[in-house]
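Worksheet: the structure to be examined is printed underneath.
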Amino acid sequence: MAYAVVISLKQTLELFLDSARSRIQITSSELQPIYEDLCYLKSFFDKMNSLEDSNSVDELEKDIKDVLHNTRDLIESHLSDLVHSAGDGSSTSGFSRQLVEVKVELGPFIDMLKAKENELTGNQQLPTDVAADVPVSVPSRIDHEIVGLEDEVAMLRQRLLDPDSGRRVIYVVGMAGIGKTTLAKEVCKDTYIVDQFNMRLVVTIGEECLLKELLLRINSEVLKGSEVKKEETVHELGNRLKAFLSRSTYLVVLDDLWDMGTWDQLEPYFPDEGNGSRIVFTTRMTNVDRVVNRKYIFQKRLLNDQESWELFSKMAFYDKCPSELEEIGKTIARNMGGLPLALVEIGKHISKLQTTVDCWMEDAQNINSLIWKTAIPQVVNAELPHHLKACLFYLGLLHPNYDIPTSQLIKLWVAEGFIEPEADQCLEQIAEEYLEELVSRGLVIVHERSYTGRIKTCRMIHKLVRDICVTQARQQKLFHIVNKGTTQKNQRRLSIQSDVLLGVMAVSRVRSLVFMCAEHQDPLLVFEGVRCLKVLHALPIRFREFPNEVLKLVRLRYLAITFEGELPSSISRLLNLEVLIIFSRHAICSPVFLPLEIWKLQKLRHLHCMGFDLPVPSTEYGDDLYLMNLLTLSGVSFRTCGDGVLARIPKLTKLGIRFDPALHGVEISCSAALFSDLHQFESFKCAVTNPSRAAFSLEGFPSGLRKLTLGRCGFLWDEHSTIISQLPNLQVLKLRWNAFCGPRWELRDDEYHSLKFLVLEDLNIEELIAEPNNFPVLQQLLIRRCYYLQQIPPDMIDILTLKVIEVDDCSISLVKSAKRIQEEQVDRRNDDLQVRIRSSSDRSGVK
């Protein structure tokens, strides 16, 4: 994983080559040549993505990775020495000599890479931009096996034979190796399909296919016997295809779609003659529902246990399975998780073994090593350009049994140095794009999206994908999962997933410690040997007090920790902190102030301090104490919002607070005194403890507010809801846990001009009276545990932007009103509206 090291080390050097951004001055001129070498390395690996000889590139990565690790160790150790020695420069001359040696060591590798680049490219023209990997084909033998497809063939056939006479596009979606191509080909052979479509065709697109090449291929297939001239233009080829298809009722399967833009280019040449023609795309992109009506998406499923055994046994035996091997065979089949590619590949391997219990038992116990003898790892690797590999593999470090919060994942990616900065985007935005790319490649599945379509939680799409990533990450020393009986020697990142192993952590090469174990009370942890640690995620570990050893980790960029008591003032030593997440369980009941020195952490971008408050900077520290880079602040109480504190965080976009009327009084205003200096402020969340009556005034929220979440505030509908409706840019409104009280919410002249997402949760409301003009652009309405609310206003049928109504644990009459709205929308030929009914008595089903 040399690429990830290059990106991380390059960012470190950029910081110290820019004297305006660095508090530690390194005058050694030897840094610049090393930085230039790193720039070349990044460019080299980016370009090599487009070449077919990926094995050669992988070998080159292995050769140079140790040199890069040693270079990073040298530079980061020196920086730590400078901090601990108060920057007296005593070791600068020795450091310069070592840098010269590093440059000498890098030189032959750079020369070798340039020679290799010339060798690999030959007559090929290297792209100037980053290119994506060439996809690896799924083994063709699977195409001949249709186990488990019978019901899916029938379902897809039904969609293709829909009486709608217009041309329709159907998307068959699923991960690599799940059998999308097999399904599409099988449907094309179906008797009913043959009778309906007088022209049927399957053409592979792939990731790198150019429009002209694709049109040449399609024309060659449909115009059999006619001459197709390569010198024809795209327009000429397209019109030739269009003229032929205009005379046919056609079914065209375009296999392996990687980019929705491909269809945008092809669409003009696929005519709609009103004869029921169909186009089917197979794709690994799991996010097509963001741009396509879900009605036209067919989700290819995994095989169940019985189907898995049937397919596996077909591949493993030429005849019937011996009875003594059936139990072991079914165990192996179950471990493939229903993925046809895995079942076929492992079945092929097993078919070559002696049919003895001992032989099969040995392979069953070593299934992970078996995977590496198949094409499955190549299929996973083929999905990944260099800039995504470390990001995907890192997901394997996190807990496999839980959905991963995107906000946490992105903070970790950024702190690890996986994200390459771009001039016009912040690191978090780039990281979100990386995650979306992993989703679109079918390697990560989205569990929940926000109202804007941003990913809130996700996980790896399949256990086998995770296992492959974990193994590769360990082999390439990207990270290592520590469980009982494992060793962490020479590993850079450790994920501690067993509380049995909590003890002395003194591994000098470690850069990240991520604790994913169960909660553990104050273990013995010694951090003396990890002074170059960058990431410490230790929320499950409950320290009795803040561990002083952490204050020596001056390279920390990410710190998440749970402890009792106060945060020491010496936290200011951690000048590189960008993310600080701290929990104090006792302080939640009676919040304490963070030390004044928190204002010295100028690189902080995200601060979550449940149980703490930001102090007002004292004049003895001067008037220049600002957290200029802080974007999000949450967990603090309302008193943090006073005395001009927020004015010292000018880039704050997101604020989450707790409010206790007993401590802070009532009717505190959210007026300009709080928000006047927050020009980028977009999101405000407030939860009230010990509610009695309306906790604070809603007057004065900034006009740029886009998201508002309130809980237990005790506002009255008539007195306060109109104030919220006057926020011109509000897109999300979440009212929870008696945020508003009273049986009736009647929207008279209130108009929520921009509101797209409305949540009503745990409210005592009985009647909602609203018209379409109250919510002119509403897209999603979620009603949860509002037990007394009898119906959704019937007039909401006329809100044509509505896409989702979700009713969770509500009255039968409310459920009926939601379904009635959906039925009426369907009658108006609006199929976009989804109605989801959930009940706590049956959480597994969505009706």
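Convention: chains lettered A, B, ... in structure tokens order; per-chain residue numbering from 1; ligands numbered from 1 as shown.
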
I need the strand (DSSP E) residues of range 577-790 of chain A per DSSP on the backbone, written as a PDB file with C-alpha atoms, in the first residue's frame.
```pdb
ATOM      1  CA  VAL A 579     -10.539  15.845  15.665  1.00  0.00           C
ATOM      2  CA  LEU A 580     -11.174  15.778  19.422  1.00  0.00           C
ATOM      3  CA  ILE A 581     -13.983  13.568  20.757  1.00  0.00           C
ATOM      4  CA  ILE A 582     -14.225  13.335  24.550  1.00  0.00           C
ATOM      5  CA  PHE A 583     -16.846  11.838  26.841  1.00  0.00           C
ATOM      6  CA  VAL A 592     -17.522  21.399  33.404  1.00  0.00           C
ATOM      7  CA  PHE A 593     -15.485  23.797  31.330  1.00  0.00           C
ATOM      8  CA  HIS A 606     -14.273  18.843  14.745  1.00  0.00           C
ATOM      9  CA  LEU A 607     -14.903  19.046  18.497  1.00  0.00           C
ATOM     10  CA  HIS A 608     -17.383  16.752  20.219  1.00  0.00           C
ATOM     11  CA  CYS A 609     -17.158  17.159  23.988  1.00  0.00           C
ATOM     12  CA  MET A 610     -20.112  15.536  25.715  1.00  0.00           C
ATOM     13  CA  PHE A 612     -17.904  19.815  28.688  1.00  0.00           C
ATOM     14  CA  ASP A 613     -18.271  23.444  27.669  1.00  0.00           C
ATOM     15  CA  THR A 632     -18.500  21.265  13.922  1.00  0.00           C
ATOM     16  CA  LEU A 633     -19.117  21.629  17.650  1.00  0.00           C
ATOM     17  CA  SER A 634     -21.456  19.317  19.564  1.00  0.00           C
ATOM     18  CA  GLY A 635     -22.177  17.980  23.044  1.00  0.00           C
ATOM     19  CA  VAL A 636     -21.827  21.341  24.793  1.00  0.00           C
ATOM     20  CA  SER A 637     -24.471  23.026  26.923  1.00  0.00           C
ATOM     21  CA  LYS A 654     -22.867  22.707  12.669  1.00  0.00           C
ATOM     22  CA  LEU A 655     -23.738  23.172  16.355  1.00  0.00           C
ATOM     23  CA  GLY A 656     -25.337  20.662  18.720  1.00  0.00           C
ATOM     24  CA  ILE A 657     -26.174  21.733  22.282  1.00  0.00           C
ATOM     25  CA  ARG A 658     -27.954  20.558  25.435  1.00  0.00           C
ATOM     26  CA  PHE A 659     -30.175  22.896  27.392  1.00  0.00           C
ATOM     27  CA  ILE A 668     -32.959  32.542  26.528  1.00  0.00           C
ATOM     28  CA  SER A 669     -33.015  33.999  23.052  1.00  0.00           C
ATOM     29  CA  SER A 683     -27.241  23.181  11.209  1.00  0.00           C
ATOM     30  CA  PHE A 684     -28.529  23.592  14.765  1.00  0.00           C
ATOM     31  CA  LYS A 685     -29.559  20.799  17.119  1.00  0.00           C
ATOM     32  CA  CYS A 686     -30.867  21.286  20.652  1.00  0.00           C
ATOM     33  CA  ALA A 687     -32.083  18.727  23.192  1.00  0.00           C
ATOM     34  CA  VAL A 688     -33.577  19.943  26.461  1.00  0.00           C
ATOM     35  CA  PHE A 696     -35.874  29.329  24.957  1.00  0.00           C
ATOM     36  CA  SER A 697     -36.962  31.756  22.289  1.00  0.00           C
ATOM     37  CA  LYS A 707     -31.299  22.031   9.266  1.00  0.00           C
ATOM     38  CA  LEU A 708     -33.055  22.360  12.627  1.00  0.00           C
ATOM     39  CA  THR A 709     -33.494  19.540  15.152  1.00  0.00           C
ATOM     40  CA  LEU A 710     -35.366  20.149  18.421  1.00  0.00           C
ATOM     41  CA  GLY A 711     -36.129  17.798  21.297  1.00  0.00           C
ATOM     42  CA  PHE A 715     -42.880  24.886  22.441  1.00  0.00           C
ATOM     43  CA  LEU A 716     -46.516  25.602  21.619  1.00  0.00           C
ATOM     44  CA  VAL A 732     -34.797  19.798   7.250  1.00  0.00           C
ATOM     45  CA  LEU A 733     -37.009  20.069  10.335  1.00  0.00           C
ATOM     46  CA  LYS A 734     -36.911  17.327  12.974  1.00  0.00           C
ATOM     47  CA  LEU A 735     -39.292  17.694  15.928  1.00  0.00           C
ATOM     48  CA  ARG A 736     -38.741  15.019  18.566  1.00  0.00           C
ATOM     49  CA  PHE A 740     -43.779  20.969  20.454  1.00  0.00           C
ATOM     50  CA  CYS A 741     -46.770  20.323  22.704  1.00  0.00           C
ATOM     51  CA  ARG A 744     -53.434  20.540  17.175  1.00  0.00           C
ATOM     52  CA  TRP A 745     -50.972  21.920  14.637  1.00  0.00           C
ATOM     53  CA  GLU A 746     -52.805  24.072  12.156  1.00  0.00           C
ATOM     54  CA  PHE A 757     -37.655  16.681   4.991  1.00  0.00           C
ATOM     55  CA  LEU A 758     -40.063  16.723   7.967  1.00  0.00           C
ATOM     56  CA  VAL A 759     -39.837  14.403  10.987  1.00  0.00           C
ATOM     57  CA  LEU A 760     -42.532  14.241  13.669  1.00  0.00           C
ATOM     58  CA  GLU A 761     -41.428  11.854  16.422  1.00  0.00           C
ATOM     59  CA  GLU A 767     -54.554  16.643  14.529  1.00  0.00           C
ATOM     60  CA  LEU A 768     -52.435  18.081  11.711  1.00  0.00           C
ATOM     61  CA  ILE A 769     -54.143  20.570   9.407  1.00  0.00           C
ATOM     62  CA  GLN A 780     -40.049  13.078   2.746  1.00  0.00           C
ATOM     63  CA  LEU A 781     -42.491  12.907   5.664  1.00  0.00           C
ATOM     64  CA  LEU A 782     -41.537  10.669   8.593  1.00  0.00           C
ATOM     65  CA  ILE A 783     -44.014  10.137  11.452  1.00  0.00           C
ATOM     66  CA  ARG A 784     -42.785   7.979  14.337  1.00  0.00           C
TER      67      ARG A 784
END
```

| Which neighbours of Leu343 in chain A fall inside 9 Å, counting only C-alpha atoms, when residues of the same chain fewer than 2 positions from it are skipped, and could you give them as a list of chain:residue names? |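 Contacts, in chain order: A:Ser308, A:Trp309, A:Leu311, A:Phe312, A:Ser313, A:Met315, A:Ile332, A:Ala333, A:Met336, A:Gly337, A:Gly338, A:Leu339, A:Pro340, A:Leu341, A:Glu345, A:Ile346, A:Gly347, A:Lys348.
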
Kindly export the residues of the current selection with N, CA and C atoms, as a PDB file, in the first residue's frame.
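The resulting file, selection_14.pdb, is reproduced below:
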```pdb
ATOM      1  N   SER A 308     -27.408 -22.229  -2.683  1.00  0.00           N
ATOM      2  CA  SER A 308     -25.945 -22.225  -2.605  1.00  0.00           C
ATOM      3  C   SER A 308     -25.397 -23.647  -2.667  1.00  0.00           C
ATOM      4  N   TRP A 309     -26.029 -24.537  -1.925  1.00  0.00           N
ATOM      5  CA  TRP A 309     -25.576 -25.935  -1.921  1.00  0.00           C
ATOM      6  C   TRP A 309     -25.779 -26.569  -3.297  1.00  0.00           C
ATOM      7  N   LEU A 311     -25.760 -25.079  -6.287  1.00  0.00           N
ATOM      8  CA  LEU A 311     -24.756 -24.583  -7.222  1.00  0.00           C
ATOM      9  C   LEU A 311     -23.370 -25.123  -6.884  1.00  0.00           C
ATOM     10  N   PHE A 312     -23.032 -25.117  -5.605  1.00  0.00           N
ATOM     11  CA  PHE A 312     -21.720 -25.601  -5.184  1.00  0.00           C
ATOM     12  C   PHE A 312     -21.537 -27.081  -5.546  1.00  0.00           C
ATOM     13  N   SER A 313     -22.548 -27.874  -5.271  1.00  0.00           N
ATOM     14  CA  SER A 313     -22.421 -29.304  -5.538  1.00  0.00           C
ATOM     15  C   SER A 313     -22.339 -29.589  -7.033  1.00  0.00           C
ATOM     16  N   MET A 315     -20.800 -27.734  -9.149  1.00  0.00           N
ATOM     17  CA  MET A 315     -19.436 -27.404  -9.546  1.00  0.00           C
ATOM     18  C   MET A 315     -18.423 -28.379  -8.944  1.00  0.00           C
ATOM     19  N   ILE A 332     -19.257 -25.481   3.806  1.00  0.00           N
ATOM     20  CA  ILE A 332     -18.437 -24.675   2.899  1.00  0.00           C
ATOM     21  C   ILE A 332     -19.327 -23.756   2.066  1.00  0.00           C
ATOM     22  N   ALA A 333     -20.438 -24.300   1.549  1.00  0.00           N
ATOM     23  CA  ALA A 333     -21.347 -23.508   0.712  1.00  0.00           C
ATOM     24  C   ALA A 333     -21.938 -22.347   1.496  1.00  0.00           C
ATOM     25  N   MET A 336     -19.865 -19.184   1.854  1.00  0.00           N
ATOM     26  CA  MET A 336     -19.707 -18.320   0.683  1.00  0.00           C
ATOM     27  C   MET A 336     -20.722 -17.179   0.672  1.00  0.00           C
ATOM     28  N   GLY A 337     -21.622 -17.180   1.636  1.00  0.00           N
ATOM     29  CA  GLY A 337     -22.549 -16.060   1.786  1.00  0.00           C
ATOM     30  C   GLY A 337     -23.497 -15.861   0.619  1.00  0.00           C
ATOM     31  N   GLY A 338     -23.772 -16.917  -0.151  1.00  0.00           N
ATOM     32  CA  GLY A 338     -24.738 -16.800  -1.241  1.00  0.00           C
ATOM     33  C   GLY A 338     -24.215 -16.131  -2.488  1.00  0.00           C
ATOM     34  N   LEU A 339     -22.888 -15.923  -2.590  1.00  0.00           N
ATOM     35  CA  LEU A 339     -22.305 -15.250  -3.752  1.00  0.00           C
ATOM     36  C   LEU A 339     -21.976 -16.287  -4.820  1.00  0.00           C
ATOM     37  N   PRO A 340     -22.639 -16.266  -5.963  1.00  0.00           N
ATOM     38  CA  PRO A 340     -22.407 -17.287  -6.988  1.00  0.00           C
ATOM     39  C   PRO A 340     -20.954 -17.405  -7.432  1.00  0.00           C
ATOM     40  N   LEU A 341     -20.282 -16.289  -7.623  1.00  0.00           N
ATOM     41  CA  LEU A 341     -18.880 -16.339  -8.043  1.00  0.00           C
ATOM     42  C   LEU A 341     -18.049 -17.155  -7.066  1.00  0.00           C
ATOM     43  N   GLU A 345     -16.186 -20.717  -7.921  1.00  0.00           N
ATOM     44  CA  GLU A 345     -14.732 -20.788  -7.843  1.00  0.00           C
ATOM     45  C   GLU A 345     -14.267 -21.812  -6.802  1.00  0.00           C
ATOM     46  N   ILE A 346     -14.888 -21.793  -5.628  1.00  0.00           N
ATOM     47  CA  ILE A 346     -14.502 -22.766  -4.594  1.00  0.00           C
ATOM     48  C   ILE A 346     -14.937 -24.167  -5.015  1.00  0.00           C
ATOM     49  N   GLY A 347     -16.104 -24.274  -5.661  1.00  0.00           N
ATOM     50  CA  GLY A 347     -16.551 -25.573  -6.157  1.00  0.00           C
ATOM     51  C   GLY A 347     -15.581 -26.150  -7.168  1.00  0.00           C
ATOM     52  N   LYS A 348     -15.060 -25.327  -8.072  1.00  0.00           N
ATOM     53  CA  LYS A 348     -14.074 -25.782  -9.054  1.00  0.00           C
ATOM     54  C   LYS A 348     -12.815 -26.295  -8.358  1.00  0.00           C
TER      55      LYS A 348
END
```

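The neighbours of Ile541 in chain A here are the residues that come within 9 Å of it, using only C-alpha atoms and leaving out any residue fewer than 2 positions away in the same chain; they are Phe515, Cys517, Ala518, Glu519, His520, Gln521, Asp522, Pro523, Ala538, Leu539, Phe543, Ile561, Thr562 and Phe563 of chain A.
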
Write a file of the selected residues as a compact mmCIF listing (two decimals), in the first residue's frame, keeping all heavy atoms.
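Result file out_36.txt:
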```
# COMPACT_ATOMS: atom_id res chain seq x y z
N PHE A 515 -9.72 1.09 19.00
CA PHE A 515 -10.31 0.10 19.90
C PHE A 515 -11.76 -0.15 19.49
O PHE A 515 -12.59 0.75 19.54
CB PHE A 515 -10.23 0.57 21.34
CG PHE A 515 -8.84 0.56 21.92
CD1 PHE A 515 -8.00 1.65 21.76
CD2 PHE A 515 -8.36 -0.55 22.59
CE1 PHE A 515 -6.72 1.65 22.28
CE2 PHE A 515 -7.08 -0.57 23.12
CZ PHE A 515 -6.25 0.53 22.95
N CYS A 517 -13.36 -3.00 20.79
CA CYS A 517 -13.74 -4.04 21.74
C CYS A 517 -14.94 -3.59 22.56
O CYS A 517 -15.44 -2.47 22.41
CB CYS A 517 -12.56 -4.36 22.65
SG CYS A 517 -11.87 -2.88 23.45
N ALA A 518 -15.40 -4.46 23.45
CA ALA A 518 -16.48 -4.10 24.37
C ALA A 518 -15.97 -3.07 25.37
O ALA A 518 -14.76 -2.87 25.53
CB ALA A 518 -16.98 -5.35 25.08
N GLU A 519 -16.91 -2.39 26.03
CA GLU A 519 -16.50 -1.40 27.04
C GLU A 519 -15.63 -2.05 28.10
O GLU A 519 -15.90 -3.15 28.56
CB GLU A 519 -17.74 -0.77 27.69
CG GLU A 519 -18.41 0.25 26.81
CD GLU A 519 -19.37 1.12 27.58
OE1 GLU A 519 -19.46 0.96 28.82
OE2 GLU A 519 -20.03 1.97 26.96
N HIS A 520 -14.58 -1.32 28.49
CA HIS A 520 -13.63 -1.87 29.45
C HIS A 520 -13.25 -0.77 30.44
O HIS A 520 -12.93 0.35 30.04
CB HIS A 520 -12.39 -2.39 28.73
CG HIS A 520 -11.60 -3.38 29.54
ND1 HIS A 520 -11.87 -4.73 29.53
CD2 HIS A 520 -10.57 -3.20 30.40
CE1 HIS A 520 -11.02 -5.35 30.34
NE2 HIS A 520 -10.23 -4.44 30.87
N GLN A 521 -13.26 -1.09 31.70
CA GLN A 521 -13.04 -0.10 32.76
C GLN A 521 -11.55 0.04 33.09
O GLN A 521 -10.92 -0.88 33.59
CB GLN A 521 -13.81 -0.48 34.03
CG GLN A 521 -13.68 0.53 35.16
CD GLN A 521 -14.35 1.85 34.83
OE1 GLN A 521 -15.44 1.85 34.27
NE2 GLN A 521 -13.70 2.95 35.15
N ASP A 522 -10.98 1.18 32.75
CA ASP A 522 -9.65 1.61 33.18
C ASP A 522 -8.59 0.51 33.10
O ASP A 522 -8.02 0.10 34.11
CB ASP A 522 -9.73 2.13 34.63
CG ASP A 522 -8.54 3.06 34.93
OD1 ASP A 522 -8.08 3.72 33.99
OD2 ASP A 522 -8.11 3.09 36.07
N PRO A 523 -8.27 0.01 31.91
CA PRO A 523 -7.22 -1.00 31.79
C PRO A 523 -5.84 -0.36 31.92
O PRO A 523 -5.69 0.86 31.88
CB PRO A 523 -7.43 -1.54 30.38
CG PRO A 523 -7.93 -0.34 29.64
CD PRO A 523 -8.79 0.42 30.61
N ALA A 538 -10.36 5.48 21.26
CA ALA A 538 -10.44 4.64 22.46
C ALA A 538 -11.72 4.89 23.24
O ALA A 538 -11.73 4.82 24.47
CB ALA A 538 -9.22 4.89 23.34
N LEU A 539 -12.82 5.17 22.54
CA LEU A 539 -14.08 5.45 23.24
C LEU A 539 -14.57 4.30 24.11
O LEU A 539 -15.16 4.53 25.16
CB LEU A 539 -15.16 5.84 22.23
CG LEU A 539 -15.00 7.22 21.56
CD1 LEU A 539 -16.14 7.46 20.59
CD2 LEU A 539 -14.94 8.32 22.60
N PHE A 543 -11.45 5.45 31.15
CA PHE A 543 -10.36 5.80 32.05
C PHE A 543 -10.92 6.54 33.27
O PHE A 543 -11.84 7.36 33.14
CB PHE A 543 -9.34 6.68 31.34
CG PHE A 543 -8.60 6.00 30.22
CD1 PHE A 543 -9.03 6.12 28.91
CD2 PHE A 543 -7.48 5.23 30.48
CE1 PHE A 543 -8.37 5.49 27.87
CE2 PHE A 543 -6.80 4.59 29.44
CZ PHE A 543 -7.24 4.72 28.15
N ILE A 561 -11.76 9.67 23.21
CA ILE A 561 -11.42 9.04 24.48
C ILE A 561 -12.53 9.30 25.51
O ILE A 561 -13.18 10.35 25.50
CB ILE A 561 -10.06 9.58 24.99
CG1 ILE A 561 -9.53 8.73 26.14
CG2 ILE A 561 -10.12 11.05 25.33
CD1 ILE A 561 -8.07 9.02 26.46
N THR A 562 -12.74 8.34 26.42
CA THR A 562 -13.73 8.45 27.49
C THR A 562 -12.99 8.44 28.83
O THR A 562 -12.17 7.56 29.07
CB THR A 562 -14.72 7.26 27.45
OG1 THR A 562 -15.34 7.23 26.16
CG2 THR A 562 -15.78 7.41 28.52
N PHE A 563 -13.29 9.40 29.67
CA PHE A 563 -12.61 9.48 30.97
C PHE A 563 -13.47 10.26 31.94
O PHE A 563 -14.43 10.94 31.56
CB PHE A 563 -11.23 10.15 30.82
CG PHE A 563 -11.30 11.57 30.33
CD1 PHE A 563 -11.29 12.64 31.22
CD2 PHE A 563 -11.38 11.85 28.98
CE1 PHE A 563 -11.37 13.94 30.78
CE2 PHE A 563 -11.45 13.16 28.52
CZ PHE A 563 -11.44 14.21 29.43
```

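CA of Ser618 in chain A lies 15.6 Å from CA of Leu601 in chain A.
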
| Could you pull the residues within 6 Å of Leu730 in chain A, counting only C-alpha atoms, minus those fewer than 3 positions along the same chain, as a PyMOL selection string? | chain A and resi 705-707+727+754-755

Include C-alpha atoms and write out the residues we just selected as a short mmCIF file (atom, residue, chain, number, x, y, z; two decimals), in the first residue's frame.
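The result, stored in out-v8.cif:
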```cif
data_model
loop_
_atom_site.label_atom_id
_atom_site.label_comp_id
_atom_site.auth_asym_id
_atom_site.auth_seq_id
_atom_site.Cartn_x
_atom_site.Cartn_y
_atom_site.Cartn_z
CA LEU A 705 -30.00 27.79 8.60
CA ARG A 706 -30.75 24.66 6.56
CA LYS A 707 -31.30 22.03 9.27
CA LEU A 727 -36.50 30.62 7.91
CA SER A 754 -37.65 25.21 1.11
CA LEU A 755 -38.56 22.35 3.47
#
```

| field | Non-local contacts of range 547-555 of chain A (6 Å; only C-alpha atoms; under 3 positions in same chain excluded) as a list in words | value | Phe527, Arg531, Cys532, Lys534 and Leu574 of chain A

| field | Distance in Å - CA of Phe675 in chain A versus CA of Leu631 in chain A | value |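 If I compute the distance from CA of Phe675 in chain A to CA of Leu631 in chain A, I get 14.3 Å.
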
Within 8 Å of range 467-477 of chain A, which residues of range 321-410 of chain A come that close, and what is the closest atom pair and distance in Å for each? Count only C-alpha atoms and give it as a tab-separated table.
```
residue	atom	partner	partner_atom	distance
A:Asn368	CA	A:Asp467	CA	7.4
A:Pro377	CA	A:Ile468	CA	6.5
A:Leu392	CA	A:Cys469	CA	7.4
A:Phe393	CA	A:Cys469	CA	4.9
A:Tyr394	CA	A:Ala473	CA	7.9
A:Gly396	CA	A:Val470	CA	5.5
A:Leu397	CA	A:Val470	CA	7.3
```

Same residues, all heavy atoms, saved as an mmCIF file, in the first residue's frame:
```cif
data_model
loop_
_atom_site.group_PDB
_atom_site.id
_atom_site.type_symbol
_atom_site.label_atom_id
_atom_site.label_comp_id
_atom_site.auth_asym_id
_atom_site.auth_seq_id
_atom_site.Cartn_x
_atom_site.Cartn_y
_atom_site.Cartn_z
ATOM 1 N N ASN A 368 -10.423 -19.252 4.154
ATOM 2 C CA ASN A 368 -9.877 -17.956 3.754
ATOM 3 C C ASN A 368 -8.662 -18.114 2.844
ATOM 4 O O ASN A 368 -8.492 -17.359 1.878
ATOM 5 C CB ASN A 368 -9.502 -17.132 4.985
ATOM 6 C CG ASN A 368 -10.717 -16.526 5.656
ATOM 7 O OD1 ASN A 368 -11.779 -16.414 5.037
ATOM 8 N ND2 ASN A 368 -10.593 -16.139 6.912
ATOM 9 N N PRO A 377 -10.211 -12.556 -5.332
ATOM 10 C CA PRO A 377 -9.405 -11.379 -4.979
ATOM 11 C C PRO A 377 -9.111 -10.469 -6.177
ATOM 12 O O PRO A 377 -9.113 -9.254 -6.045
ATOM 13 C CB PRO A 377 -8.114 -11.993 -4.411
ATOM 14 C CG PRO A 377 -8.521 -13.337 -3.922
ATOM 15 C CD PRO A 377 -9.545 -13.806 -4.899
ATOM 16 N N LEU A 392 -10.972 1.607 1.161
ATOM 17 C CA LEU A 392 -11.816 0.411 1.272
ATOM 18 C C LEU A 392 -11.265 -0.545 2.319
ATOM 19 O O LEU A 392 -12.013 -1.036 3.172
ATOM 20 C CB LEU A 392 -11.915 -0.301 -0.071
ATOM 21 C CG LEU A 392 -12.719 -1.613 -0.012
ATOM 22 C CD1 LEU A 392 -14.195 -1.332 0.246
ATOM 23 C CD2 LEU A 392 -12.546 -2.429 -1.284
ATOM 24 N N PHE A 393 -9.975 -0.813 2.262
ATOM 25 C CA PHE A 393 -9.392 -1.762 3.202
ATOM 26 C C PHE A 393 -9.600 -1.311 4.643
ATOM 27 O O PHE A 393 -9.775 -2.113 5.545
ATOM 28 C CB PHE A 393 -7.897 -1.926 2.920
ATOM 29 C CG PHE A 393 -7.594 -2.647 1.627
ATOM 30 C CD1 PHE A 393 -6.280 -2.845 1.221
ATOM 31 C CD2 PHE A 393 -8.606 -3.121 0.813
ATOM 32 C CE1 PHE A 393 -5.992 -3.503 0.028
ATOM 33 C CE2 PHE A 393 -8.335 -3.778 -0.381
ATOM 34 C CZ PHE A 393 -7.031 -3.970 -0.768
ATOM 35 N N TYR A 394 -9.596 0.014 4.851
ATOM 36 C CA TYR A 394 -9.741 0.558 6.202
ATOM 37 C C TYR A 394 -11.093 0.210 6.810
ATOM 38 O O TYR A 394 -11.228 0.108 8.028
ATOM 39 C CB TYR A 394 -9.554 2.073 6.155
ATOM 40 C CG TYR A 394 -9.207 2.696 7.490
ATOM 41 C CD1 TYR A 394 -7.892 2.750 7.931
ATOM 42 C CD2 TYR A 394 -10.187 3.253 8.313
ATOM 43 C CE1 TYR A 394 -7.561 3.320 9.139
ATOM 44 C CE2 TYR A 394 -9.869 3.826 9.527
ATOM 45 C CZ TYR A 394 -8.553 3.851 9.937
ATOM 46 O OH TYR A 394 -8.223 4.414 11.136
ATOM 47 N N GLY A 396 -12.407 -2.543 6.819
ATOM 48 C CA GLY A 396 -12.249 -3.820 7.485
ATOM 49 C C GLY A 396 -11.708 -3.699 8.887
ATOM 50 O O GLY A 396 -11.851 -4.607 9.708
ATOM 51 N N LEU A 397 -11.087 -2.565 9.193
ATOM 52 C CA LEU A 397 -10.544 -2.326 10.528
ATOM 53 C C LEU A 397 -11.666 -2.078 11.532
ATOM 54 O O LEU A 397 -11.522 -2.356 12.722
ATOM 55 C CB LEU A 397 -9.592 -1.131 10.458
ATOM 56 C CG LEU A 397 -8.866 -0.645 11.714
ATOM 57 C CD1 LEU A 397 -7.536 -0.010 11.316
ATOM 58 C CD2 LEU A 397 -9.682 0.364 12.496
#
```

| request: Please measure the separation of CA of Leu17 in chain A and CA of Pro650 in chain A, giving the value in Å to one decimal. | output: 26.9 Å

| With only C-alpha atoms as the atoms that count, which of A:Asn219, A:Asn335, A:Gln32, A:Thr181 lies nearest to Asp255 in chain A? | A:Thr181

| Using only C-alpha atoms, which of the listed residues (A:His349, A:Arg168, A:Lys230, A:Arg301) sits closest to Phe270 in chain A? |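 Using only C-alpha atoms, Phe270 in chain A sits closest to A:Arg168.
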
| query | Would you give me, as an MDAnalysis selection string, the residues in range 327-537 of chain A that DSSP reads as alpha helix (DSSP H)? | reply | chainID A and resid 327:334 340:350 357:365 367:371 376:382 386:395 406:416 427:440 463:475
